[in-house]
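Structure file upload02.cif (mmCIF, C-alpha atoms) is printed below.
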data_entry
loop_
_atom_site.group_PDB
_atom_site.id
_atom_site.type_symbol
_atom_site.label_atom_id
_atom_site.label_comp_id
_atom_site.auth_asym_id
_atom_site.auth_seq_id
_atom_site.Cartn_x
_atom_site.Cartn_y
_atom_site.Cartn_z
ATOM 1 C CA MET A 1 0.000 0.000 0.000
ATOM 2 C CA ILE A 2 1.193 3.501 -0.873
ATOM 3 C CA ALA A 3 0.224 5.606 2.132
ATOM 4 C CA HIS A 4 -0.120 8.967 0.413
ATOM 5 C CA LEU A 5 -2.689 7.573 -2.046
ATOM 6 C CA LYS A 6 -4.984 7.088 0.977
ATOM 7 C CA GLY A 7 -6.771 4.196 -0.714
ATOM 8 C CA ARG A 8 -7.792 6.281 -3.741
ATOM 9 C CA GLU A 9 -6.570 3.542 -6.074
ATOM 10 C CA LYS A 10 -9.468 1.377 -4.890
ATOM 11 C CA GLU A 11 -11.863 3.818 -6.563
ATOM 12 C CA LEU A 12 -10.532 2.605 -9.918
ATOM 13 C CA GLU A 13 -12.054 -0.874 -9.552
ATOM 14 C CA SER A 14 -15.120 0.347 -11.460
ATOM 15 C CA PHE A 15 -12.819 0.868 -14.470
ATOM 16 C CA GLY A 16 -11.504 -2.686 -14.167
ATOM 17 C CA TRP A 17 -8.181 -1.801 -12.542
ATOM 18 C CA THR A 18 -6.926 -3.209 -9.261
ATOM 19 C CA GLY A 19 -3.682 -3.841 -7.423
ATOM 20 C CA ARG A 20 -0.417 -2.459 -8.739
ATOM 21 C CA LYS A 21 -1.923 -1.282 -12.035
ATOM 22 C CA ALA A 22 -4.554 0.742 -10.172
ATOM 23 C CA GLU A 23 -1.797 2.216 -8.016
ATOM 24 C CA TRP A 24 0.072 3.202 -11.152
ATOM 25 C CA ILE A 25 -2.913 5.006 -12.652
ATOM 26 C CA ALA A 26 -3.472 6.854 -9.364
ATOM 27 C CA LEU A 27 0.200 7.852 -9.110
ATOM 28 C CA ALA A 28 0.372 8.996 -12.724
ATOM 29 C CA CYS A 29 -2.842 11.007 -12.513
ATOM 30 C CA LEU A 30 -2.057 12.713 -9.215
ATOM 31 C CA HIS A 31 1.584 13.538 -9.938
ATOM 32 C CA SER A 32 1.819 14.158 -13.680
ATOM 33 C CA GLY A 33 -1.025 12.926 -15.870
ATOM 34 C CA VAL A 34 1.562 11.623 -18.337
ATOM 35 C CA PHE A 35 4.089 8.783 -18.277
ATOM 36 C CA THR A 36 6.563 6.931 -20.481
ATOM 37 C CA PRO A 37 6.653 3.167 -21.196
ATOM 38 C CA ALA A 38 10.018 2.991 -19.392
ATOM 39 C CA GLN A 39 8.477 4.438 -16.230
ATOM 40 C CA LEU A 40 5.570 2.006 -16.400
ATOM 41 C CA THR A 41 7.869 -0.958 -17.048
ATOM 42 C CA ALA A 42 10.004 -0.037 -14.054
ATOM 43 C CA TRP A 43 6.938 0.319 -11.852
ATOM 44 C CA LEU A 44 5.374 -2.979 -12.881
ATOM 45 C CA GLN A 45 8.813 -4.652 -12.712
ATOM 46 C CA THR A 46 8.067 -6.485 -15.916
ATOM 47 C CA ARG A 47 8.956 -6.447 -19.604
ATOM 48 C CA GLY A 48 8.031 -3.823 -22.150
ATOM 49 C CA ARG A 49 5.451 -6.105 -23.736
ATOM 50 C CA THR A 50 3.295 -6.021 -20.596
ATOM 51 C CA ALA A 51 3.562 -2.245 -20.440
ATOM 52 C CA ARG A 52 2.501 -1.950 -24.074
ATOM 53 C CA ARG A 53 -0.547 -4.151 -23.428
ATOM 54 C CA PHE A 54 -1.472 -1.963 -20.475
ATOM 55 C CA VAL A 55 -1.232 1.217 -22.562
ATOM 56 C CA ARG A 56 -3.313 -0.379 -25.332
ATOM 57 C CA ALA A 57 -5.953 -1.331 -22.764
ATOM 58 C CA ILE A 58 -6.364 2.123 -21.228
ATOM 59 C CA THR A 59 -6.358 3.818 -24.624
ATOM 60 C CA ALA A 60 -8.995 1.353 -25.866
ATOM 61 C CA GLN A 61 -11.103 2.347 -22.851
ATOM 62 C CA LYS A 62 -10.683 5.975 -23.979
ATOM 63 C CA LEU A 63 -9.064 6.824 -20.667
ATOM 64 C CA ALA A 64 -5.757 7.878 -22.223
ATOM 65 C CA ALA A 65 -4.035 8.802 -25.474
ATOM 66 C CA LYS A 66 -0.626 7.973 -26.914
ATOM 67 C CA GLU A 67 1.474 11.003 -27.810
ATOM 68 C CA THR A 68 5.057 11.898 -28.754
ATOM 69 C CA LEU A 69 7.334 14.221 -26.811
ATOM 70 C CA HIS A 70 10.866 14.986 -28.050
ATOM 71 C CA GLY A 71 10.714 11.780 -30.104
ATOM 72 C CA ARG A 72 9.781 9.853 -26.957
ATOM 73 C CA ARG A 73 6.525 7.894 -26.729
ATOM 74 C CA VAL A 74 4.336 8.980 -23.831
ATOM 75 C CA CYS A 75 0.844 8.209 -22.608
ATOM 76 C CA ARG A 76 -1.459 10.924 -21.242
ATOM 77 C CA ILE A 77 -4.403 9.999 -19.029
ATOM 78 C CA PHE A 78 -7.181 12.466 -19.834
ATOM 79 C CA SER A 79 -10.411 10.830 -18.637
ATOM 80 C CA ARG A 80 -12.375 13.181 -16.383
ATOM 81 C CA PRO A 81 -14.241 10.270 -14.692
ATOM 82 C CA VAL A 82 -10.891 8.730 -13.662
ATOM 83 C CA TYR A 83 -9.702 11.974 -12.084
ATOM 84 C CA ARG A 84 -13.113 12.462 -10.472
ATOM 85 C CA ALA A 85 -12.864 8.991 -8.921
ATOM 86 C CA LEU A 86 -9.486 9.977 -7.480
ATOM 87 C CA GLY A 87 -10.878 13.187 -5.999
ATOM 88 C CA ALA A 88 -8.891 15.353 -8.407
ATOM 89 C CA GLU A 89 -11.390 16.174 -11.147
ATOM 90 C CA HIS A 90 -10.136 19.717 -11.699
ATOM 91 C CA ILE A 91 -6.399 19.070 -11.658
ATOM 92 C CA ARG A 92 -4.774 20.297 -14.867
ATOM 93 C CA HIS A 93 -2.722 17.128 -15.302
ATOM 94 C CA ARG A 94 -5.373 15.616 -17.544
ATOM 95 C CA LYS A 95 -5.009 18.432 -20.100
ATOM 96 C CA THR A 96 -2.378 18.707 -22.809
ATOM 97 C CA ALA A 97 0.411 21.210 -22.188
ATOM 98 C CA SER A 98 3.631 22.641 -23.594
ATOM 99 C CA GLU A 99 6.695 20.426 -23.996
ATOM 100 C CA GLU A 100 8.351 22.190 -21.071
ATOM 101 C CA VAL A 101 5.424 21.496 -18.756
ATOM 102 C CA LEU A 102 5.122 17.871 -19.872
ATOM 103 C CA LEU A 103 8.824 17.253 -19.268
ATOM 104 C CA ARG A 104 8.508 18.795 -15.835
ATOM 105 C CA ARG A 105 5.573 16.516 -15.065
ATOM 106 C CA LEU A 106 7.463 13.442 -16.262
ATOM 107 C CA LEU A 107 10.471 14.322 -14.114
ATOM 108 C CA SER A 108 8.226 14.891 -11.092
ATOM 109 C CA LEU A 109 6.615 11.493 -11.546
ATOM 110 C CA ASP A 110 10.007 9.847 -12.036
ATOM 111 C CA TYR A 111 11.207 11.117 -8.673
ATOM 112 C CA VAL A 112 7.988 10.174 -6.884
ATOM 113 C CA ILE A 113 7.899 6.590 -8.152
ATOM 114 C CA ASP A 114 11.401 6.063 -6.776
ATOM 115 C CA HIS A 115 10.360 7.608 -3.443
ATOM 116 C CA THR A 116 6.768 6.454 -2.908
ATOM 117 C CA GLU A 117 7.430 5.950 0.807
ATOM 118 C CA LEU A 118 7.536 9.713 1.387
ATOM 119 C CA PRO A 119 4.416 11.511 2.709
ATOM 120 C CA TRP A 120 3.546 13.310 -0.528
ATOM 121 C CA LEU A 121 0.789 15.910 -0.775
ATOM 122 C CA PRO A 122 -0.405 15.237 -4.344
ATOM 123 C CA THR A 123 -3.042 17.939 -4.851
ATOM 124 C CA GLU A 124 -3.288 21.679 -4.284
ATOM 125 C CA PRO A 125 -6.017 21.348 -1.578
ATOM 126 C CA GLU A 126 -3.892 18.803 0.298
ATOM 127 C CA LYS A 127 -0.850 21.069 0.228
ATOM 128 C CA VAL A 128 -2.809 24.119 1.369
ATOM 129 C CA ALA A 129 -4.576 22.184 4.142
ATOM 130 C CA ALA A 130 -1.327 20.680 5.446
ATOM 131 C CA PHE A 131 0.392 24.053 5.818
ATOM 132 C CA GLU A 132 -2.801 25.614 7.133
ATOM 133 C CA ALA A 133 -2.793 22.981 9.898
ATOM 134 C CA LEU A 134 0.652 24.260 10.916
ATOM 135 C CA GLY A 135 -0.753 27.763 11.310
ATOM 136 C CA ILE A 136 0.917 29.103 8.158
ATOM 137 C CA GLU A 137 -0.962 31.938 6.466
ATOM 138 C CA HIS A 138 -2.075 31.598 2.852
ATOM 139 C CA GLU A 139 -0.129 34.726 1.918
ATOM 140 C CA LEU A 140 3.127 32.852 2.571
ATOM 141 C CA LEU A 141 2.307 30.146 0.032
ATOM 142 C CA PRO A 142 3.493 30.423 -3.581
ATOM 143 C CA VAL A 143 0.509 31.629 -5.581
ATOM 144 C CA ARG A 144 -0.543 32.735 -9.044
ATOM 145 C CA VAL A 145 -3.574 35.010 -9.426
ATOM 146 C CA TYR A 146 -5.865 34.793 -12.451
ATOM 147 C CA GLY A 147 -8.542 37.355 -13.312
ATOM 148 C CA ARG A 148 -9.415 40.478 -11.363
ATOM 149 C CA THR A 149 -11.467 41.583 -8.354
ATOM 150 C CA ALA A 150 -14.669 39.528 -7.954
ATOM 151 C CA ARG A 151 -13.567 37.011 -10.597
ATOM 152 C CA GLU A 152 -10.099 36.576 -9.185
ATOM 153 C CA THR A 153 -8.880 32.988 -8.859
ATOM 154 C CA ARG A 154 -5.861 32.025 -6.748
ATOM 155 C CA ARG A 155 -3.861 28.897 -7.551
ATOM 156 C CA TYR A 156 -1.491 27.889 -4.798
ATOM 157 C CA PHE A 157 1.660 25.953 -5.706
ATOM 158 C CA PRO A 158 0.906 26.830 -9.357
ATOM 159 C CA VAL A 159 3.893 24.989 -10.863
ATOM 160 C CA LYS A 160 2.426 21.786 -9.360
ATOM 161 C CA LEU A 161 5.680 20.216 -8.259
ATOM 162 C CA PRO A 162 5.787 17.483 -5.570
ATOM 163 C CA VAL A 163 5.831 18.372 -1.887
ATOM 164 C CA ALA A 164 6.227 15.924 1.006
ATOM 165 C CA LEU A 165 5.630 16.835 4.636
ATOM 166 C CA ASP A 166 5.836 15.135 8.009
ATOM 167 C CA GLU A 167 6.247 16.391 11.577
ATOM 168 C CA ARG A 168 10.000 16.989 11.176
ATOM 169 C CA HIS A 169 10.764 17.615 7.488
ATOM 170 C CA ALA A 170 9.392 19.313 4.413
ATOM 171 C CA LEU A 171 10.694 18.277 0.996
ATOM 172 C CA PHE A 172 10.126 20.424 -2.086
ATOM 173 C CA VAL A 173 10.906 19.005 -5.524
ATOM 174 C CA TYR A 174 12.096 21.201 -8.376
ATOM 175 C CA ALA A 175 12.055 19.636 -11.861
ATOM 176 C CA ASP A 176 14.287 21.219 -14.519
ATOM 177 C CA PRO A 177 12.845 20.535 -17.994
ATOM 178 C CA GLY A 178 16.046 21.706 -19.697
ATOM 179 C CA HIS A 179 16.565 25.386 -18.943
ATOM 180 C CA ASP A 180 19.849 26.937 -20.087
ATOM 181 C CA THR A 181 20.273 28.976 -16.895
ATOM 182 C CA ALA A 182 19.435 28.789 -13.196
ATOM 183 C CA THR A 183 16.987 31.717 -13.472
ATOM 184 C CA ALA A 184 13.874 29.533 -13.165
ATOM 185 C CA LEU A 185 15.322 27.685 -10.161
ATOM 186 C CA HIS A 186 16.095 30.985 -8.395
ATOM 187 C CA SER A 187 12.612 32.311 -9.188
ATOM 188 C CA TRP A 188 11.005 29.130 -7.826
ATOM 189 C CA GLY A 189 13.103 29.429 -4.665
ATOM 190 C CA ARG A 190 12.090 33.063 -4.143
ATOM 191 C CA SER A 191 8.413 32.140 -4.429
ATOM 192 C CA HIS A 192 8.846 29.652 -1.554
ATOM 193 C CA ARG A 193 11.052 31.699 0.787
ATOM 194 C CA GLY A 194 8.251 32.946 3.002
ATOM 195 C CA LEU A 195 6.865 29.437 3.422
ATOM 196 C CA TRP A 196 10.311 27.959 4.073
ATOM 197 C CA HIS A 197 11.018 30.571 6.725
ATOM 198 C CA ALA A 198 7.699 29.830 8.447
ATOM 199 C CA LEU A 199 8.506 26.108 8.473
ATOM 200 C CA GLN A 200 12.000 26.682 9.865
ATOM 201 C CA VAL A 201 10.612 28.935 12.600
ATOM 202 C CA ARG A 202 8.336 26.037 13.560
ATOM 203 C CA GLY A 203 11.324 23.706 13.856
ATOM 204 C CA LEU A 204 10.921 21.793 10.581
ATOM 205 C CA ALA A 205 13.885 21.083 8.337
ATOM 206 C CA VAL A 206 13.407 22.323 4.772
ATOM 207 C CA GLU A 207 14.962 20.215 2.024
ATOM 208 C CA VAL A 208 14.977 20.584 -1.761
ATOM 209 C CA ALA A 209 15.396 17.890 -4.397
ATOM 210 C CA ALA A 210 16.321 19.124 -7.883
ATOM 211 C CA VAL A 211 15.407 16.575 -10.547
ATOM 212 C CA VAL A 212 17.263 16.888 -13.861
ATOM 213 C CA ARG A 213 17.990 15.041 -17.113
ATOM 214 C CA THR A 214 21.533 16.074 -18.063
ATOM 215 C CA ALA A 215 24.983 16.349 -16.498
ATOM 216 C CA PRO A 216 25.206 20.173 -16.949
ATOM 217 C CA GLU A 217 21.814 20.607 -15.257
ATOM 218 C CA LEU A 218 22.984 18.361 -12.429
ATOM 219 C CA ALA A 219 26.140 20.438 -11.880
ATOM 220 C CA ARG A 220 24.192 23.703 -11.998
ATOM 221 C CA ALA A 221 21.605 22.460 -9.494
ATOM 222 C CA ARG A 222 24.319 21.304 -7.092
ATOM 223 C CA LYS A 223 25.993 24.707 -7.262
ATOM 224 C CA VAL A 224 22.808 26.709 -6.624
ATOM 225 C CA LEU A 225 21.430 24.432 -3.919
ATOM 226 C CA GLY A 226 24.847 24.302 -2.268
ATOM 227 C CA HIS A 227 24.695 28.088 -1.837
ATOM 228 C CA TRP A 228 21.179 27.800 -0.419
ATOM 229 C CA ALA A 229 22.288 25.140 2.064
ATOM 230 C CA ASP A 230 25.178 27.371 3.207
ATOM 231 C CA ALA A 231 22.963 30.444 3.696
ATOM 232 C CA PRO A 232 21.748 31.392 7.200
ATOM 233 C CA PRO A 233 18.049 30.633 7.886
ATOM 234 C CA GLU A 234 17.273 34.352 8.303
ATOM 235 C CA ALA A 235 17.877 34.734 4.550
ATOM 236 C CA ASN A 236 14.307 33.501 4.064
ATOM 237 C CA ALA A 237 12.868 36.236 6.275
ATOM 238 C CA ALA A 238 12.297 38.764 3.473
ATOM 239 C CA ASP A 239 8.574 38.047 3.436
ATOM 240 C CA PRO A 240 7.600 40.831 5.889
ATOM 241 C CA ALA A 241 8.955 43.259 3.303
ATOM 242 C CA ARG A 242 6.728 41.699 0.647
ATOM 243 C CA ARG A 243 3.694 42.001 2.917
ATOM 244 C CA GLU A 244 4.441 45.679 3.576
ATOM 245 C CA ILE A 245 4.753 46.308 -0.172
ATOM 246 C CA LYS A 246 1.359 44.696 -0.688
ATOM 247 C CA ARG A 247 -0.259 46.781 2.079
ATOM 248 C CA ILE A 248 1.109 50.043 0.678
ATOM 249 C CA GLU A 249 0.073 49.162 -2.879
ATOM 250 C CA GLN A 250 -3.440 48.269 -1.741
ATOM 251 C CA THR A 251 -3.687 51.572 0.115
ATOM 252 C CA ILE A 252 -2.707 53.485 -3.020
ATOM 253 C CA LEU A 253 -5.023 51.479 -5.284
ATOM 254 C CA GLY A 254 -7.871 52.015 -2.838
ATOM 255 C CA MET A 255 -7.512 55.780 -3.408
ATOM 256 C CA ASP A 256 -7.857 56.374 0.337
ATOM 257 C CA ASP A 257 -6.234 59.820 0.648
ATOM 258 C CA ALA A 258 -6.341 59.828 4.447
ATOM 259 C CA ALA A 259 -4.606 56.436 4.665
ATOM 260 C CA VAL A 260 -1.979 57.525 2.127
ATOM 261 C CA GLU A 261 -1.285 60.679 4.142
ATOM 262 C CA LYS A 262 -0.782 58.576 7.281
ATOM 263 C CA LEU A 263 1.976 56.783 5.387
ATOM 264 C CA GLY A 264 3.670 60.112 4.589
ATOM 265 C CA GLY A 265 2.012 60.902 1.280
ATOM 266 C CA PHE A 266 2.047 59.388 -2.196
ATOM 267 C CA GLN A 267 5.701 60.155 -2.935
ATOM 268 C CA SER A 268 6.850 58.670 0.376
ATOM 269 C CA CYS A 269 4.863 55.531 -0.406
ATOM 270 C CA LEU A 270 6.669 55.133 -3.727
ATOM 271 C CA VAL A 271 10.060 55.647 -2.084
ATOM 272 C CA ARG A 272 9.233 53.094 0.621
ATOM 273 C CA ILE A 273 8.091 50.534 -1.967
ATOM 274 C CA ALA A 274 11.369 50.973 -3.885
ATOM 275 C CA GLU A 275 13.378 50.455 -0.679
ATOM 276 C CA LEU A 276 11.428 47.330 0.235
ATOM 277 C CA LYS A 277 11.748 45.834 -3.262
ATOM 278 C CA LYS A 278 15.498 46.348 -3.100
ATOM 279 C CA ARG A 279 15.554 44.469 0.212
ATOM 280 C CA VAL A 280 13.552 41.595 -1.276
ATOM 281 C CA ARG A 281 15.822 41.334 -4.324
ATOM 282 C CA SER A 282 18.964 41.273 -2.223
ATOM 283 C CA ALA A 283 17.694 38.601 0.171
ATOM 284 C CA GLY A 284 19.072 35.105 -0.226
ATOM 285 C CA THR A 285 17.419 31.708 -0.043
ATOM 286 C CA ALA A 286 18.166 29.160 2.662
ATOM 287 C CA VAL A 287 17.444 25.437 2.976
ATOM 288 C CA ASP A 288 18.588 22.839 5.490
ATOM 289 C CA GLY A 289 19.572 20.204 2.953
ATOM 290 C CA PHE A 290 19.339 19.252 -0.698
ATOM 291 C CA THR A 291 19.615 16.485 -3.268
ATOM 292 C CA ALA A 292 20.454 16.816 -6.960
ATOM 293 C CA TRP A 293 18.923 13.766 -8.642
ATOM 294 C CA ARG A 294 19.423 12.797 -12.279
ATOM 295 C CA SER A 295 16.684 10.697 -13.843
ATOM 296 C CA GLY A 296 17.867 7.416 -15.324
ATOM 297 C CA ARG A 297 14.660 6.828 -17.302
ATOM 298 C CA LEU A 298 14.474 10.316 -18.829
ATOM 299 C CA ARG A 299 18.203 10.831 -19.186
ATOM 300 C CA GLY A 300 19.396 13.285 -21.796
ATOM 301 C CA GLY A 301 22.654 14.934 -22.813
ATOM 302 C CA PRO A 302 26.220 13.842 -21.992
ATOM 303 C CA SER A 303 27.023 11.528 -19.100
#
Please re-express this file's structure in structure tokens.
Amino acid sequence: MIAHLKGREKELESFGWTGRKAEWIALACLHSGVFTPAQLTAWLQTRGRTARRFVRAITAQKLAAKETLHGRRVCRIFSRPVYRALGAEHIRHRKTASEEVLLRRLLSLDYVIDHTELPWLPTEPEKVAAFEALGIEHELLPVRVYGRTARETRRYFPVKLPVALDERHALFVYADPGHDTATALHSWGRSHRGLWHALQVRGLAVEVAAVVRTAPELARARKVLGHWADAPPEANAADPARREIKRIEQTILGMDDAAVEKLGGFQSCLVRIAELKKRVRSAGTAVDGFTAWRSGRLRGGPS
């Protein structure tokens, strides 16, 4: 039994799937929505012929479709009823996406299937609820806002990368789909700094696992994460500055002249925002440990 599935794989019996194959469908749906034959073969611990029969079966049921990514055969599970049975009907994994996003999903799944014993939080609601239970405010969670005002929608953990949490540790997975620089990794780290600081204040160790395909990506991840591991924990404490920026901006946008005057006037507000943004940009990122993990099943580039 895979603990973090919480028995959801049993809901797939109505589709004719049980046991390890049902577990596979649940894992693939919750963590990526897409998988390769090599990943399936490794999971089933069998030969490629069995994996091919399995893919033919789920595509014949119109639960999935065979596609090609970078010349690599992949299978995408798109059936809404399957995701509904797993309690994840609205997860975007069932939809097609860019090559970058699909590679990131495949790498995420590859790491999870080699570490199924970890207490993963597969869906956005599970992640939010887990950190909420620790008393961590929503404003510290990485978020992406869609729409405006009354129609505004907030998506927490928008990149949808794996997170595992227990009473002592929090593990955050970063999957590099093949970026040429570390810019995306740094940006992802900045979006989590407030959350990481809150966890560290509560006595939890924060760890990061960077999952990559090539040797250059592996070296780059080790270099960046090594700096993060060497940084003092207070490097993550820049979030109060972000919150103050947000409060000042909301005051200005609300066109409350009296409130703006209390802050020293419009010009003083702009100066203060500039100072705070400089502080945020100069802040570092700190973690308690890291792993740089190169996928063997999705390997690319030189050894």
Exercise for the section: Measure the distance from atom CA of A:Arg84 to atom CA of A:Glu137 in Å and round it to one decimal. Expected result: 28.5 Å
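The coordinates place atom CA of A:His197 at 22.0 Å from atom CA of A:Ile273.
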Please list, as a JSON list (two decimals) with C-alpha atoms, keeping the file's coordinate frame, the residues that have an atom at most 10 Å away from (1.1, -4.2, -10.2) in the coordinates of this file, counting all atoms listed in the file.
[["chain", "number", "residue", "atom", "x", "y", "z"],
["A", 17, "TRP", "CA", -8.18, -1.80, -12.54],
["A", 18, "THR", "CA", -6.93, -3.21, -9.26],
["A", 19, "GLY", "CA", -3.68, -3.84, -7.42],
["A", 20, "ARG", "CA", -0.42, -2.46, -8.74],
["A", 21, "LYS", "CA", -1.92, -1.28, -12.04],
["A", 22, "ALA", "CA", -4.55, 0.74, -10.17],
["A", 23, "GLU", "CA", -1.80, 2.22, -8.02],
["A", 24, "TRP", "CA", 0.07, 3.20, -11.15],
["A", 40, "LEU", "CA", 5.57, 2.01, -16.40],
["A", 43, "TRP", "CA", 6.94, 0.32, -11.85],
["A", 44, "LEU", "CA", 5.37, -2.98, -12.88],
["A", 45, "GLN", "CA", 8.81, -4.65, -12.71],
["A", 46, "THR", "CA", 8.07, -6.48, -15.92]]
Practice task
Return the single residue from A:Cys29, A:Pro125, A:Ile113, A:Ala258 that is closest to A:Phe78, with distances computed using only C-alpha atoms.
Solution key: A:Cys29
Exercise for the section: Quote the spacing between atom CA of A:Trp293 and atom CA of A:Ala65 in Å to one decimal place. Expected result: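 The value is 28.9 Å.
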Practice task
Do a neighbour search on stretch 170-177 of chain A at 8 Å with all atoms listed in the file, toss out local chain neighbours closer than 3 positions, and write the hits as a ChimeraX atom specification.
Solution key: /A:100-101,103-105,107-108,161-166,185,199,204-213,217
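Using only C-alpha atoms, the smallest distance between any of A:Arg247, A:Val55, A:Ala229, A:Arg272 and A:Gly289 comes from A:Ala229.
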Practice task
Taking the file above as input, evaluate the PyMOL selection byres ((chain A and resi 92) around 10) and report the hits as a VMD selection string.
Solution key: chain A and resid 29 to 30 32 to 33 78 88 to 91 93 to 97 160
Exercise for the section: For the structure shown, which residues end up in the PyMOL selection byres ((chain A and resi 249) around 12)? Put them as a list in words, please? Expected result: Arg242, Arg243, Glu244, Ile245, Lys246, Arg247, Ile248, Gln250, Thr251, Ile252, Leu253, Gly254, Met255, Asp256, Ala259, Val260, Leu263, Phe266, Cys269, Leu270, Val271, Arg272, Ile273, Ala274 and Leu276 of chain A
Practice task
Kindly indicate which residue among A:Arg202, A:Arg80, A:Lys62, A:Lys277 lies nearest to A:His169, using all atoms listed in the file for the distances.
Solution key: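 Ranking A:Arg202, A:Arg80, A:Lys62, A:Lys277 by distance to A:His169, first place goes to A:Arg202.
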Exercise for the section: Quick one: everything within 12 Å of A:Ala129, counting only C-alpha atoms, minus sequence neighbours fewer than 6 positions away in the same chain. Send it as a list in words. Expected result: Leu121, Pro122, Thr123, Gly135, Ile136, Glu137, His138, Leu141, Tyr156 and Leu165 of chain A
If you count all atoms listed in the file, which residues fall within 12 Å of A:Glu99, apart from same-chain ones fewer than 5 positions away, as a PDB file with C-alpha atoms, in the frame of the given file?
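File written: selection-v8.pdb
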ATOM      1  CA  VAL A  34       1.562  11.623 -18.337  1.00  0.00           C
ATOM      2  CA  GLU A  67       1.474  11.003 -27.810  1.00  0.00           C
ATOM      3  CA  THR A  68       5.057  11.898 -28.754  1.00  0.00           C
ATOM      4  CA  LEU A  69       7.334  14.221 -26.811  1.00  0.00           C
ATOM      5  CA  HIS A  70      10.866  14.986 -28.050  1.00  0.00           C
ATOM      6  CA  GLY A  71      10.714  11.780 -30.104  1.00  0.00           C
ATOM      7  CA  ARG A  72       9.781   9.853 -26.957  1.00  0.00           C
ATOM      8  CA  VAL A  74       4.336   8.980 -23.831  1.00  0.00           C
ATOM      9  CA  ARG A 104       8.508  18.795 -15.835  1.00  0.00           C
ATOM     10  CA  ARG A 105       5.573  16.516 -15.065  1.00  0.00           C
ATOM     11  CA  LEU A 106       7.463  13.442 -16.262  1.00  0.00           C
ATOM     12  CA  PRO A 177      12.845  20.535 -17.994  1.00  0.00           C
ATOM     13  CA  GLY A 178      16.046  21.706 -19.697  1.00  0.00           C
TER      14      GLY A 178
END
Exercise for the section: Please tell me which residues are no farther than 10 Å from (1.3, -1.0, -21.4) in the file, counting only C-alpha atoms, and write them as a PyMOL selection string. Expected result: chain A and resi 21+36-38+40-41+44+47-59+75
Practice task
Enumerate, as a ChimeraX atom specification, the residues matched when the PyMOL selection byres ((chain A and resi 186) around 12) is run on the file above.
Solution key: /A:174,176,179,181-185,187-193,210,220-221,223-225,227-228,281,283-286
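Using only C-alpha atoms, the smallest distance between any of A:Ala215, A:Gln39, A:Lys6, A:Asp288 and A:Arg73 comes from A:Gln39.
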